[in-house]
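work-v5.txt follows (compact mmCIF, C-alpha atoms and all ligand atoms):
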# COMPACT_ATOMS: atom_id res chain seq x y z
CA MET A 134 -33.23 11.79 10.41
CA GLU A 135 -30.01 10.47 8.93
CA ASN A 136 -28.26 7.88 11.11
CA LYS A 137 -24.75 9.15 11.94
CA PRO A 138 -22.16 6.35 11.68
CA THR A 139 -20.03 5.66 14.74
CA ILE A 140 -16.40 4.56 14.65
CA LYS A 141 -17.35 1.36 16.45
CA ALA A 142 -20.08 0.49 13.93
CA LEU A 143 -17.81 1.24 10.97
CA SER A 144 -14.97 -0.84 12.44
CA GLU A 145 -17.31 -3.79 12.98
CA LEU A 146 -18.75 -3.56 9.48
CA ARG A 147 -15.29 -3.21 7.97
CA ALA A 148 -14.05 -6.33 9.76
CA LYS A 149 -16.92 -8.23 8.10
CA VAL A 150 -16.59 -6.92 4.57
CA MET A 151 -12.95 -5.92 4.11
CA PRO A 152 -9.88 -8.17 4.46
CA PRO A 153 -7.07 -7.44 6.95
CA GLY A 154 -4.53 -7.13 4.13
CA LEU A 155 -5.95 -3.68 3.46
CA ALA A 156 -5.01 -2.23 6.84
CA SER A 157 -5.17 1.30 8.30
CA GLY A 158 -2.64 2.90 10.62
CA THR A 159 -5.32 4.63 12.68
CA SER A 160 -8.67 3.60 14.06
CA CYS A 161 -10.65 6.76 13.31
CA TYR A 162 -12.95 7.13 10.33
CA VAL A 163 -12.73 10.50 8.63
CA ALA A 164 -15.77 12.42 7.42
CA SER A 165 -14.36 15.70 6.14
CA GLY A 166 -11.28 17.87 5.85
CA LYS A 167 -10.37 21.50 5.28
CA GLY A 168 -6.85 22.80 4.82
CA ALA A 169 -4.68 21.02 7.39
CA LEU A 170 -7.62 19.86 9.52
CA LEU A 171 -9.58 16.62 9.42
CA TYR A 172 -12.81 15.68 11.23
CA ASP A 173 -13.82 12.14 12.06
CA VAL A 174 -17.37 10.77 11.87
CA GLU A 175 -17.88 11.54 15.55
CA GLY A 176 -16.81 15.18 15.14
CA ARG A 177 -13.26 14.95 16.58
CA GLU A 178 -10.74 17.33 15.01
CA TYR A 179 -7.24 16.31 13.89
CA ILE A 180 -4.30 18.30 12.61
CA ASP A 181 -2.99 16.50 9.56
CA PHE A 182 0.79 16.09 9.32
CA ALA A 183 0.34 13.09 6.99
CA GLY A 184 -1.49 14.65 4.03
CA GLY A 185 -2.84 11.29 2.90
CA ILE A 186 0.80 10.22 2.39
CA ALA A 187 2.10 13.28 0.56
CA VAL A 188 -1.04 13.90 -1.48
CA MET A 189 -2.50 17.04 0.07
CA ASN A 190 0.30 19.58 -0.46
CA VAL A 191 -2.34 22.24 -1.28
CA GLY A 192 -4.53 21.20 1.67
CA HIS A 193 -7.79 19.29 1.99
CA SER A 194 -10.75 20.45 -0.11
CA HIS A 195 -8.99 23.53 -1.43
CA PRO A 196 -11.85 25.71 -2.81
CA LYS A 197 -10.12 26.05 -6.15
CA VAL A 198 -9.68 22.30 -6.55
CA VAL A 199 -13.26 21.63 -5.45
CA ALA A 200 -14.58 24.21 -7.95
CA ALA A 201 -12.49 22.73 -10.78
CA ILE A 202 -13.74 19.20 -9.99
CA LYS A 203 -17.39 20.32 -9.82
CA ASP A 204 -17.15 22.37 -12.98
CA GLN A 205 -15.51 19.60 -14.98
CA ALA A 206 -17.83 16.90 -13.60
CA GLU A 207 -20.83 18.89 -14.82
CA LYS A 208 -19.32 19.11 -18.31
CA LEU A 209 -17.73 15.72 -18.91
CA THR A 210 -16.42 12.93 -16.68
CA HIS A 211 -15.07 10.40 -19.16
CA THR A 212 -14.58 9.52 -22.78
CA CYS A 213 -11.19 7.77 -22.53
CA PHE A 214 -8.42 9.94 -23.94
CA MET A 215 -7.58 7.19 -26.42
CA VAL A 216 -11.11 7.30 -27.85
CA LEU A 217 -12.00 10.99 -27.74
CA PRO A 218 -9.34 13.34 -26.39
CA TYR A 219 -10.17 16.58 -24.51
CA GLU A 220 -8.58 19.89 -23.59
CA PRO A 221 -7.73 19.54 -19.85
CA ALA A 222 -5.29 16.68 -20.52
CA VAL A 223 -3.48 18.54 -23.30
CA LYS A 224 -3.30 21.75 -21.24
CA LEU A 225 -2.00 19.83 -18.27
CA ALA A 226 0.67 18.10 -20.37
CA GLU A 227 1.78 21.53 -21.60
CA LYS A 228 2.01 22.81 -18.02
CA LEU A 229 3.81 19.73 -16.68
CA CYS A 230 6.34 19.73 -19.52
CA ALA A 231 7.05 23.39 -18.76
CA ILE A 232 7.73 22.87 -15.04
CA ALA A 233 9.57 19.53 -15.25
CA PRO A 234 13.34 19.99 -14.91
CA GLY A 235 15.44 20.14 -18.06
CA ASP A 236 15.84 22.76 -20.76
CA PHE A 237 14.87 20.41 -23.58
CA PRO A 238 11.63 19.40 -25.33
CA LYS A 239 9.48 17.06 -23.24
CA THR A 240 6.21 15.19 -23.52
CA ALA A 241 3.95 13.60 -20.92
CA ILE A 242 1.46 10.76 -20.59
CA PHE A 243 -1.18 10.37 -17.89
CA VAL A 244 -2.08 7.25 -15.92
CA ASN A 245 -3.99 6.53 -12.71
CA SER A 246 -1.52 5.84 -9.93
CA GLY A 247 2.09 6.15 -8.91
CA ALA A 248 2.73 2.46 -9.48
CA GLU A 249 1.28 2.70 -12.96
CA ALA A 250 3.53 5.68 -13.73
CA VAL A 251 6.55 3.68 -12.57
CA GLU A 252 5.50 0.71 -14.74
CA ASN A 253 5.17 2.99 -17.75
CA ALA A 254 8.47 4.75 -17.14
CA VAL A 255 10.19 1.36 -17.14
CA LYS A 256 8.33 0.25 -20.27
CA ILE A 257 9.32 3.44 -22.08
CA ALA A 258 12.94 3.19 -20.92
CA ARG A 259 13.17 -0.41 -22.10
CA TYR A 260 11.53 0.36 -25.40
CA SER A 261 13.68 3.36 -26.20
CA THR A 262 17.00 1.77 -25.20
CA LYS A 263 16.14 -1.74 -26.45
CA LYS A 264 17.68 -2.94 -23.17
CA THR A 265 16.00 -4.63 -20.22
CA GLY A 266 17.99 -4.23 -16.99
CA ILE A 267 16.74 -1.76 -14.38
CA ILE A 268 18.81 -0.64 -11.41
CA ALA A 269 16.82 0.22 -8.29
CA PHE A 270 18.01 0.93 -4.75
CA GLU A 271 17.89 -0.46 -1.27
CA ASN A 272 15.12 1.21 0.77
CA ALA A 273 13.29 2.17 -2.43
CA PHE A 274 9.52 2.21 -2.67
CA HIS A 275 7.96 2.36 -6.12
CA GLY A 276 4.49 0.88 -5.60
CA ARG A 277 2.58 -2.36 -5.22
CA THR A 278 1.81 -3.66 -8.72
CA GLN A 279 3.97 -6.58 -9.90
CA LEU A 280 6.77 -4.57 -11.51
CA ALA A 281 6.61 -1.65 -9.05
CA MET A 282 6.61 -4.10 -6.12
CA SER A 283 9.61 -5.87 -7.63
CA LEU A 284 11.42 -2.52 -7.80
CA THR A 285 10.48 -1.86 -4.16
CA SER A 286 13.11 -2.91 -1.64
CA LYS A 287 11.49 -3.71 1.71
CA VAL A 288 10.22 -7.28 1.78
CA LYS A 289 7.67 -7.19 4.60
CA PRO A 290 4.93 -6.14 4.14
CA TYR A 291 5.22 -5.10 0.50
CA LYS A 292 6.64 -8.18 -1.24
CA PHE A 293 6.42 -11.05 1.22
CA GLY A 294 4.60 -14.01 -0.30
CA PHE A 295 3.75 -12.15 -3.51
CA GLY A 296 6.51 -13.57 -5.70
CA PRO A 297 7.78 -14.47 -8.17
CA TYR A 298 9.06 -10.97 -8.75
CA ALA A 299 9.64 -9.32 -12.11
CA PRO A 300 13.03 -10.18 -13.60
CA GLU A 301 15.90 -7.94 -14.70
CA ILE A 302 15.94 -5.76 -11.59
CA TYR A 303 19.28 -5.10 -9.88
CA ARG A 304 19.49 -3.47 -6.48
CA MET A 305 22.24 -1.15 -5.37
CA PRO A 306 22.89 0.32 -1.90
CA PHE A 307 21.60 3.88 -1.42
CA ALA A 308 23.12 6.97 0.23
CA TYR A 309 21.79 6.25 3.72
CA CYS A 310 24.35 8.48 5.42
CA TYR A 311 23.14 7.84 8.98
CA ARG A 312 23.67 4.11 8.43
CA CYS A 313 26.19 4.17 5.61
CA PRO A 314 26.16 0.83 3.78
CA PHE A 315 29.89 1.32 3.17
CA ASN A 316 30.64 2.29 6.78
CA LEU A 317 32.04 5.63 5.67
CA GLU A 318 31.28 9.19 6.71
CA TYR A 319 30.44 12.25 4.63
CA PRO A 320 32.30 14.25 3.36
CA GLY A 321 35.42 12.08 3.84
CA CYS A 322 33.65 9.29 1.93
CA ASP A 323 33.77 11.38 -1.26
CA VAL A 324 30.29 9.98 -1.94
CA ALA A 325 31.69 6.54 -2.73
CA CYS A 326 28.12 5.17 -2.78
CA ALA A 327 27.52 7.03 -6.08
CA ASP A 328 30.85 5.93 -7.61
CA HIS A 329 29.84 2.40 -6.66
CA LEU A 330 27.56 2.38 -9.72
CA ASN A 331 30.68 1.93 -11.90
CA TYR A 332 31.60 -1.22 -9.97
CA PHE A 333 27.96 -2.34 -9.93
CA LEU A 334 27.93 -2.18 -13.74
CA ILE A 335 30.71 -4.78 -13.68
CA THR A 336 29.46 -7.00 -10.88
CA HIS A 337 25.67 -7.02 -11.34
CA THR A 338 24.54 -5.87 -14.76
CA ALA A 339 26.39 -4.68 -17.87
CA PRO A 340 25.84 -1.24 -19.42
CA GLU A 341 24.96 -2.93 -22.74
CA THR A 342 21.92 -4.57 -21.15
CA THR A 343 20.92 -1.91 -18.61
CA ALA A 344 18.06 0.37 -19.66
CA ALA A 345 17.69 2.67 -16.67
CA VAL A 346 18.40 3.61 -13.11
CA ILE A 347 15.23 4.46 -11.18
CA VAL A 348 15.63 6.46 -8.00
CA GLU A 349 13.66 8.59 -5.55
CA PRO A 350 15.62 11.84 -5.04
CA VAL A 351 14.55 11.73 -1.39
CA GLN A 352 13.49 8.19 -0.54
CA GLY A 353 9.98 8.37 0.91
CA GLU A 354 8.83 5.12 2.49
CA GLY A 355 12.48 4.23 3.03
CA GLY A 356 12.78 6.97 5.66
CA PHE A 357 13.30 10.33 3.90
CA LEU A 358 16.86 9.37 3.04
CA THR A 359 18.48 12.44 1.53
CA PRO A 360 21.74 11.97 -0.39
CA PRO A 361 24.60 14.46 -0.19
CA PRO A 362 24.88 17.33 -2.72
CA GLU A 363 27.30 15.51 -5.06
CA TYR A 364 25.34 12.26 -5.24
CA PHE A 365 22.95 12.63 -8.16
CA SER A 366 25.30 14.48 -10.51
CA LYS A 367 27.75 11.59 -10.07
CA LEU A 368 25.03 8.97 -10.66
CA ALA A 369 23.61 10.83 -13.66
CA LYS A 370 27.06 11.20 -15.24
CA ILE A 371 27.76 7.47 -14.93
CA CYS A 372 24.34 6.79 -16.48
CA LYS A 373 25.04 9.17 -19.36
CA ASP A 374 28.50 7.71 -19.97
CA ASN A 375 26.95 4.25 -20.25
CA ASP A 376 23.80 5.09 -22.28
CA ILE A 377 21.59 4.31 -19.31
CA LEU A 378 18.48 6.42 -18.70
CA PHE A 379 18.05 8.25 -15.40
CA ILE A 380 14.49 8.01 -14.05
CA ALA A 381 13.58 10.21 -11.09
CA ASP A 382 10.60 8.90 -9.13
CA GLU A 383 9.17 12.17 -7.77
CA ILE A 384 5.87 10.65 -6.70
CA GLN A 385 6.42 11.45 -3.01
CA SER A 386 9.16 14.10 -3.20
CA GLY A 387 7.67 16.19 -6.02
CA MET A 388 5.02 18.93 -6.27
CA GLY A 389 6.74 21.32 -3.90
CA ARG A 390 7.31 18.84 -1.10
CA THR A 391 10.97 19.81 -0.73
CA ALA A 392 10.37 23.54 -1.45
CA LYS A 393 11.33 23.07 -5.08
CA MET A 394 8.74 21.83 -7.55
CA PHE A 395 10.73 18.60 -7.93
CA ALA A 396 13.31 17.39 -5.43
CA ILE A 397 15.91 16.46 -8.07
CA GLU A 398 16.26 20.22 -8.79
CA HIS A 399 18.19 20.50 -5.49
CA TRP A 400 20.95 18.49 -7.20
CA ASN A 401 20.74 20.33 -10.54
CA VAL A 402 20.18 17.09 -12.39
CA ASP A 403 17.72 16.76 -15.29
CA PRO A 404 16.22 13.27 -15.41
CA ASP A 405 15.51 11.61 -18.75
CA LEU A 406 12.16 10.46 -17.39
CA MET A 407 10.27 11.47 -14.28
CA THR A 408 7.23 10.02 -12.51
CA VAL A 409 4.72 12.29 -10.79
CA ALA A 410 1.59 11.43 -8.77
CA LYS A 411 0.23 12.02 -5.23
CA SER A 412 -0.01 15.83 -4.76
CA PHE A 413 -0.24 16.29 -8.54
CA ALA A 414 -4.06 16.33 -8.45
CA ALA A 415 -4.77 16.90 -4.73
CA GLY A 416 -6.26 13.47 -4.10
CA MET A 417 -7.78 12.75 -7.50
CA PRO A 418 -6.20 9.62 -9.00
CA LEU A 419 -3.75 10.98 -11.54
CA ALA A 420 -0.11 10.26 -12.30
CA SER A 421 2.26 11.01 -15.12
CA VAL A 422 5.45 10.04 -16.87
CA VAL A 423 7.08 13.15 -18.24
CA GLY A 424 10.39 13.12 -20.03
CA LYS A 425 12.65 13.79 -22.96
CA LYS A 426 10.66 14.06 -26.14
CA GLU A 427 12.82 11.64 -28.13
CA VAL A 428 12.70 9.00 -25.39
CA MET A 429 8.92 9.30 -24.96
CA ALA A 430 8.39 9.35 -28.75
CA SER A 431 10.27 6.10 -29.30
CA VAL A 432 7.25 4.00 -28.28
CA HIS A 433 4.97 2.82 -31.11
CA GLU A 434 1.41 4.13 -31.45
CA TRP A 435 -0.99 2.60 -28.86
CA GLY A 436 2.01 1.23 -26.93
CA VAL A 437 1.00 3.06 -23.75
CA GLY A 438 -2.37 4.14 -22.39
CA GLY A 439 -5.34 2.96 -20.32
CA THR A 440 -9.07 3.47 -19.89
CA TYR A 441 -9.06 6.13 -17.18
CA GLY A 442 -5.57 7.63 -17.46
CA GLY A 443 -5.76 11.43 -17.59
CA ASN A 444 -9.46 11.49 -16.75
CA PRO A 445 -10.79 15.03 -17.43
CA VAL A 446 -11.93 15.59 -13.82
CA CYS A 447 -8.48 14.59 -12.49
CA CYS A 448 -6.70 16.77 -15.07
CA SER A 449 -8.86 19.75 -14.15
CA ALA A 450 -8.00 19.22 -10.47
CA ALA A 451 -4.31 19.12 -11.39
CA LEU A 452 -4.59 22.33 -13.41
CA ALA A 453 -6.14 23.97 -10.33
CA VAL A 454 -3.21 22.67 -8.23
CA MET A 455 -0.77 24.31 -10.65
CA GLU A 456 -2.59 27.63 -10.31
CA ILE A 457 -2.61 27.38 -6.53
CA PHE A 458 1.18 26.97 -6.52
CA GLU A 459 1.52 30.23 -8.43
CA GLU A 460 -1.23 32.24 -6.74
CA GLU A 461 -0.30 31.26 -3.19
CA ASN A 462 3.44 31.33 -3.76
CA LEU A 463 3.53 27.81 -2.33
CA LEU A 464 7.20 27.09 -3.00
CA GLN A 465 8.19 30.12 -0.92
CA LYS A 466 5.73 29.03 1.81
CA ALA A 467 7.22 25.54 1.69
CA GLU A 468 10.70 26.96 2.17
CA GLU A 469 9.62 28.94 5.25
CA LEU A 470 7.70 25.94 6.61
CA GLY A 471 10.75 23.74 6.15
CA GLN A 472 13.02 26.15 7.99
CA LYS A 473 10.60 26.47 10.88
CA VAL A 474 10.06 22.73 11.31
CA ARG A 475 13.74 21.92 10.85
CA LYS A 476 14.66 24.34 13.64
CA ARG A 477 12.10 22.70 15.91
CA PHE A 478 13.26 19.18 15.01
CA ASP A 479 16.88 20.16 15.67
CA THR A 480 15.78 21.39 19.11
CA PHE A 481 13.89 18.11 19.66
CA LYS A 482 17.14 16.30 18.91
CA GLU A 483 18.91 18.29 21.63
CA GLN A 484 16.05 17.57 24.05
CA PHE A 485 15.40 13.91 23.33
CA GLU A 486 18.11 11.22 23.28
CA ILE A 487 15.76 8.96 21.34
CA ILE A 488 16.24 11.07 18.20
CA GLY A 489 19.30 9.80 16.37
CA ASP A 490 18.95 11.79 13.15
CA VAL A 491 17.01 14.70 11.70
CA ARG A 492 16.99 14.82 7.91
CA GLY A 493 15.19 15.87 4.78
CA LEU A 494 14.85 18.81 2.44
CA GLY A 495 12.50 21.78 2.78
CA PRO A 496 9.44 20.59 4.69
CA MET A 497 10.01 16.95 3.67
CA LEU A 498 11.49 16.20 7.08
CA ALA A 499 11.87 13.19 9.33
CA ILE A 500 13.33 12.09 12.64
CA GLU A 501 14.90 8.67 13.07
CA LEU A 502 14.33 7.13 16.50
CA VAL A 503 16.99 4.97 18.16
CA LYS A 504 17.24 3.18 21.50
CA ASP A 505 20.86 4.23 21.85
CA ARG A 506 22.70 6.91 19.91
CA GLU A 507 25.93 4.89 19.98
CA THR A 508 24.58 1.55 18.74
CA LYS A 509 21.80 3.19 16.66
CA GLU A 510 19.52 0.29 17.57
CA PRO A 511 16.24 1.19 15.84
CA ALA A 512 13.35 2.22 18.12
CA ASP A 513 10.53 1.00 15.91
CA GLU A 514 8.14 0.31 18.79
CA ALA A 515 8.69 3.89 19.98
CA ALA A 516 7.83 5.20 16.50
CA LYS A 517 4.56 3.24 16.59
CA ALA A 518 3.82 4.50 20.10
CA LEU A 519 4.49 8.11 19.07
CA VAL A 520 2.05 7.83 16.15
CA GLN A 521 -0.69 6.54 18.50
CA ALA A 522 0.09 9.04 21.29
CA CYS A 523 -0.13 11.93 18.82
CA LEU A 524 -3.35 10.59 17.34
CA LYS A 525 -4.96 10.52 20.80
CA LYS A 526 -4.09 14.19 21.17
CA GLY A 527 -5.45 15.07 17.72
CA LEU A 528 -2.40 14.94 15.45
CA VAL A 529 -1.90 12.57 12.52
CA ILE A 530 1.73 11.66 11.82
CA LEU A 531 3.23 8.76 9.89
CA ALA A 532 5.98 6.28 10.61
CA CYS A 533 8.18 4.99 7.80
CA GLY A 534 11.68 3.68 7.19
CA THR A 535 13.11 0.33 6.24
CA LEU A 536 13.56 -0.32 9.95
CA GLY A 537 10.17 1.19 10.85
CA ASN A 538 11.74 3.73 13.22
CA VAL A 539 11.32 6.99 11.31
CA ILE A 540 8.63 9.63 11.82
CA ARG A 541 7.98 11.76 8.74
CA ILE A 542 5.84 14.81 8.25
CA LEU A 543 3.86 15.64 5.12
CA MET A 544 1.50 18.41 6.15
CA PRO A 545 -0.09 20.78 3.60
CA LEU A 546 2.45 23.39 2.51
CA ASN A 547 -0.02 26.17 3.31
CA ILE A 548 -0.74 25.01 6.88
CA GLY A 549 -1.56 27.93 9.22
CA ASP A 550 0.91 28.93 11.95
CA ALA A 551 -1.52 28.08 14.77
CA GLU A 552 -2.10 24.54 13.47
CA LEU A 553 1.57 24.00 12.81
CA ASP A 554 2.56 25.17 16.29
CA LYS A 555 -0.14 23.06 17.93
CA GLY A 556 0.90 20.00 15.95
CA LEU A 557 4.56 20.45 16.83
CA ALA A 558 3.63 20.94 20.49
CA ILE A 559 1.74 17.62 20.41
CA MET A 560 4.80 15.93 18.89
CA GLU A 561 6.93 17.39 21.68
CA GLU A 562 4.51 16.12 24.34
CA GLY A 563 4.59 12.69 22.71
CA LEU A 564 8.39 12.64 22.65
CA THR A 565 8.45 13.75 26.31
CA GLU A 566 6.17 10.86 27.27
CA LEU A 567 8.31 8.40 25.30
CA SER A 568 11.43 9.62 27.04
CA LYS A 569 10.09 9.11 30.60
C1 LIG B 601 8.22 7.22 -4.46
C2 LIG B 601 6.94 6.48 -4.73
N1 LIG B 601 6.79 5.85 -5.89
C3 LIG B 601 5.66 5.18 -6.17
C4 LIG B 601 4.62 5.12 -5.27
C5 LIG B 601 3.37 4.36 -5.60
O1 LIG B 601 2.30 5.25 -5.79
P1 LIG B 601 0.78 4.72 -5.75
O2 LIG B 601 0.50 4.34 -4.33
O3 LIG B 601 -0.03 5.89 -6.23
O4 LIG B 601 0.71 3.56 -6.67
C6 LIG B 601 4.75 5.76 -4.03
C7 LIG B 601 3.68 5.68 -3.03
O5 LIG B 601 3.86 5.88 -1.84
C8 LIG B 601 5.94 6.46 -3.76
O6 LIG B 601 6.13 7.08 -2.58

Could you rewrite the structure in this file as structure tokens?
Ligand SMILES: Cc1ncc(COP(=O)(O)O)c(C=O)c1O
Amino acid sequence: MENKPTIKALSELRAKVMPPGLASGTSCYVASGKGALLYDVEGREYIDFAGGIAVMNVGHSHPKVVAAIKDQAEKLTHTCFMVLPYEPAVKLAEKLCAIAPGDFPKTAIFVNSGAEAVENAVKIARYSTKKTGIIAFENAFHGRTQLAMSLTSKVKPYKFGFGPYAPEIYRMPFAYCYRCPFNLEYPGCDVACADHLNYFLITHTAPETTAAVIVEPVQGEGGFLTPPPEYFSKLAKICKDNDILFIADEIQSGMGRTAKMFAIEHWNVDPDLMTVAKSFAAGMPLASVVGKKEVMASVHEWGVGGTYGGNPVCCSAALAVMEIFEEENLLQKAEELGQKVRKRFDTFKEQFEIIGDVRGLGPMLAIELVKDRETKEPADEAAKALVQACLKKGLVILACGTLGNVIRILMPLNIGDAELDKGLAIMEEGLTELSK
């Protein structure tokens, strides 16, 4: 009979063969998942409000995705698109170009990970503008490779000790309204944080040498920071006026997470380039840079690419994801889910003093925990404790935020009512315990 692994045995083996740098936020080892549910190797069930960090918007092991993966794997797993191209990648590019914001011709390339998409977006922006400077933001997260890490804001744990960082990156404050870097308040502020880009182009980097601004429409790891309605049109206009490209990093906020296909659509702004990954292929490693045809076409032949990028199995999974969005009306579901959770989070805020802010868009929602609503002292230990308390009761949630005091939710958009209600009830119990 097959020997079933135990969590204890796996933890011990892991400690021997894997380094602590590759850490996990939970101590359970998962064996399977279905929809919004996960099962560990010892048979315990968990409701998943984390979605593998924004990857499982269509749910775990969606039958359509599984069938597409199996079908494609039986036909062809790899040739390298640069050696022998194949249909699923071309079809997927067609689909992605059609759904990406902007009523203009677009093209797309495929790579393996979010960080790699970010790297390529920057390469393409630099190539097409013949400029080098990149403006990124405080609280930004763009990945862990050398350039993506350099664009990322938070030092520990992402950058600490891993320098020197890539040059020509300039960092501007972001629209963190709850902790406004300019000490102003919306709407009286008139979104001065966006206008600040004009000043920044005098004090930090000149328009003549600045290739692009890269920004997450809703900052993910930074704490689901959601700028006011005027923010991105102001930023995009300043970029346009100065021949600077606008890159939207939709890796966490895209694929329906905010109840629109891409979060930047909430601001009616069309990015020049956009990065997509995570929920794009429901867990298969696939990412993309999609953008204006003339910008993408500026790069010389063979200038971008990679061995595995746009692997046929991953592309087939992504095509299945696209169909699921249409067939299951997922954007509408996401909207309803967002309204339901927002209402509950607003009630939590009335119930629990520890919640200083509720924010987000659609079902991309978060609560920021503070020790004191007046001083806004971050309650990062409480955020950690809430994650562990929920896990014990069978709910997976994630902490995030530059100050480590934000709880975010990223459950599948098609989560059932019973699972959603149970998960929210566990969160409420956890918050009650914290508040004792
Ligand atoms: C906004 C954003 N950009 C880039 C990345 C990096 O993606 P990956 O981990 O696939 O390299 C992430 C990952 O969390 C992200 O949230």

message: Quick one: residues within 6 Å of stretch 435-450 of chain A, all atoms listed in the file, excluding same-chain residues fewer than 5 positions away - as a list of chain:residue names?
response: A:Val198, A:Ala201, A:Ile202, A:Gln205, A:Thr210, A:Cys213, A:Pro221, A:Ala222, A:Phe243, A:Val244, A:Asn245, A:Ala414, A:Met417

- request: May I ask you to write as a ChimeraX atom specification all residues lying at most 7 Å from ligand LIG 601 (chain B), with all atoms listed in the file counted?
  value: /A:186,246-249,251,274-277,349,352-354,382-385,410-411

- prompt: Can you find the residues with an atom no farther than 10 Å from (5.5, -12.8, -8.9), counting all atoms listed in the file, and report them as a list in words?
  reply: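 Those residues lying close to the given coordinates are Thr278, Gln279, Leu280, Met282, Ser283, Lys292, Gly294, Phe295, Gly296, Pro297, Tyr298, Ala299 and Pro300 of chain A.
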
- prompt: Please, what distance in Å, to one decimal, runs between atom CA of A:Gly563 and atom CA of A:Lys526?
  reply: 8.9 Å

- prompt: How many Å separate atom CA of A:Val348 from atom CA of A:Ala254?
  reply: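 Spanning atom CA of A:Val348 to atom CA of A:Ala254 is a straight-line distance of 11.7 Å.
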
- request: Give as a PyMOL selection string every residue, naming chains and numbers as the document does, that has an atom within 10 Å of (7.7, 3.5, -17.5), counting only C-alpha atoms.
  value: chain A and resi 248-260+281+347+380+406-408+421-423+429+437

Best match for closeness to A:Gly154 among A:Leu225, A:Gly166, A:Phe293, A:Ala339, counting only C-alpha atoms: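 Nearest candidate to A:Gly154 out of A:Leu225, A:Gly166, A:Phe293, A:Ala339: A:Phe293.
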
task: Using atom CA of A:Glu227 and atom CA of A:Met394 as the two end points, give the distance in Å to one decimal.
output: 15.7 Å

task: Identify, on the basis of only C-alpha atoms, every residue whose closest approach to A:Phe357 does not exceed 10 Å; exclude the query and any residue fewer than 4 positions from it along the same chain; express the result as a ChimeraX atom specification.
output: /A:272,309,349-353,385-386,491-494,497-501,533-534,539-542

field: From A:Lys239, A:Lys228, A:Lys289, A:Arg312, residue lying nearest A:Glu510 [all atoms listed in the file]
entry: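 Among the listed residues, A:Arg312 lies closest to A:Glu510.
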
- request: Identify, on the basis of all atoms listed in the file, every residue whose closest approach to A:Glu363 does not exceed 12 Å; exclude the query and any residue fewer than 4 positions from it along the same chain; express the result as a PyMOL selection string.
  value: chain A and resi 308+319-320+322-328+359+367-370+397+399-402

Write a file of the just-selected residues containing C-alpha atoms, as a CSV table (one decimal), keeping the file's coordinate frame.
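For reference, selection-v4.csv as written:
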chain,number,residue,atom,x,y,z
A,308,ALA,CA,23.1,7.0,0.2
A,319,TYR,CA,30.4,12.2,4.6
A,320,PRO,CA,32.3,14.2,3.4
A,322,CYS,CA,33.6,9.3,1.9
A,323,ASP,CA,33.8,11.4,-1.3
A,324,VAL,CA,30.3,10.0,-1.9
A,325,ALA,CA,31.7,6.5,-2.7
A,326,CYS,CA,28.1,5.2,-2.8
A,327,ALA,CA,27.5,7.0,-6.1
A,328,ASP,CA,30.8,5.9,-7.6
A,359,THR,CA,18.5,12.4,1.5
A,367,LYS,CA,27.8,11.6,-10.1
A,368,LEU,CA,25.0,9.0,-10.7
A,369,ALA,CA,23.6,10.8,-13.7
A,370,LYS,CA,27.1,11.2,-15.2
A,397,ILE,CA,15.9,16.5,-8.1
A,399,HIS,CA,18.2,20.5,-5.5
A,400,TRP,CA,21.0,18.5,-7.2
A,401,ASN,CA,20.7,20.3,-10.5
A,402,VAL,CA,20.2,17.1,-12.4

field: Which residue of A:Glu145, A:Glu552, A:Glu318, A:Asp376 approaches A:Pro340 most closely, using all atoms listed in the file
entry: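 Under the stated criterion, the closest residue is A:Asp376.
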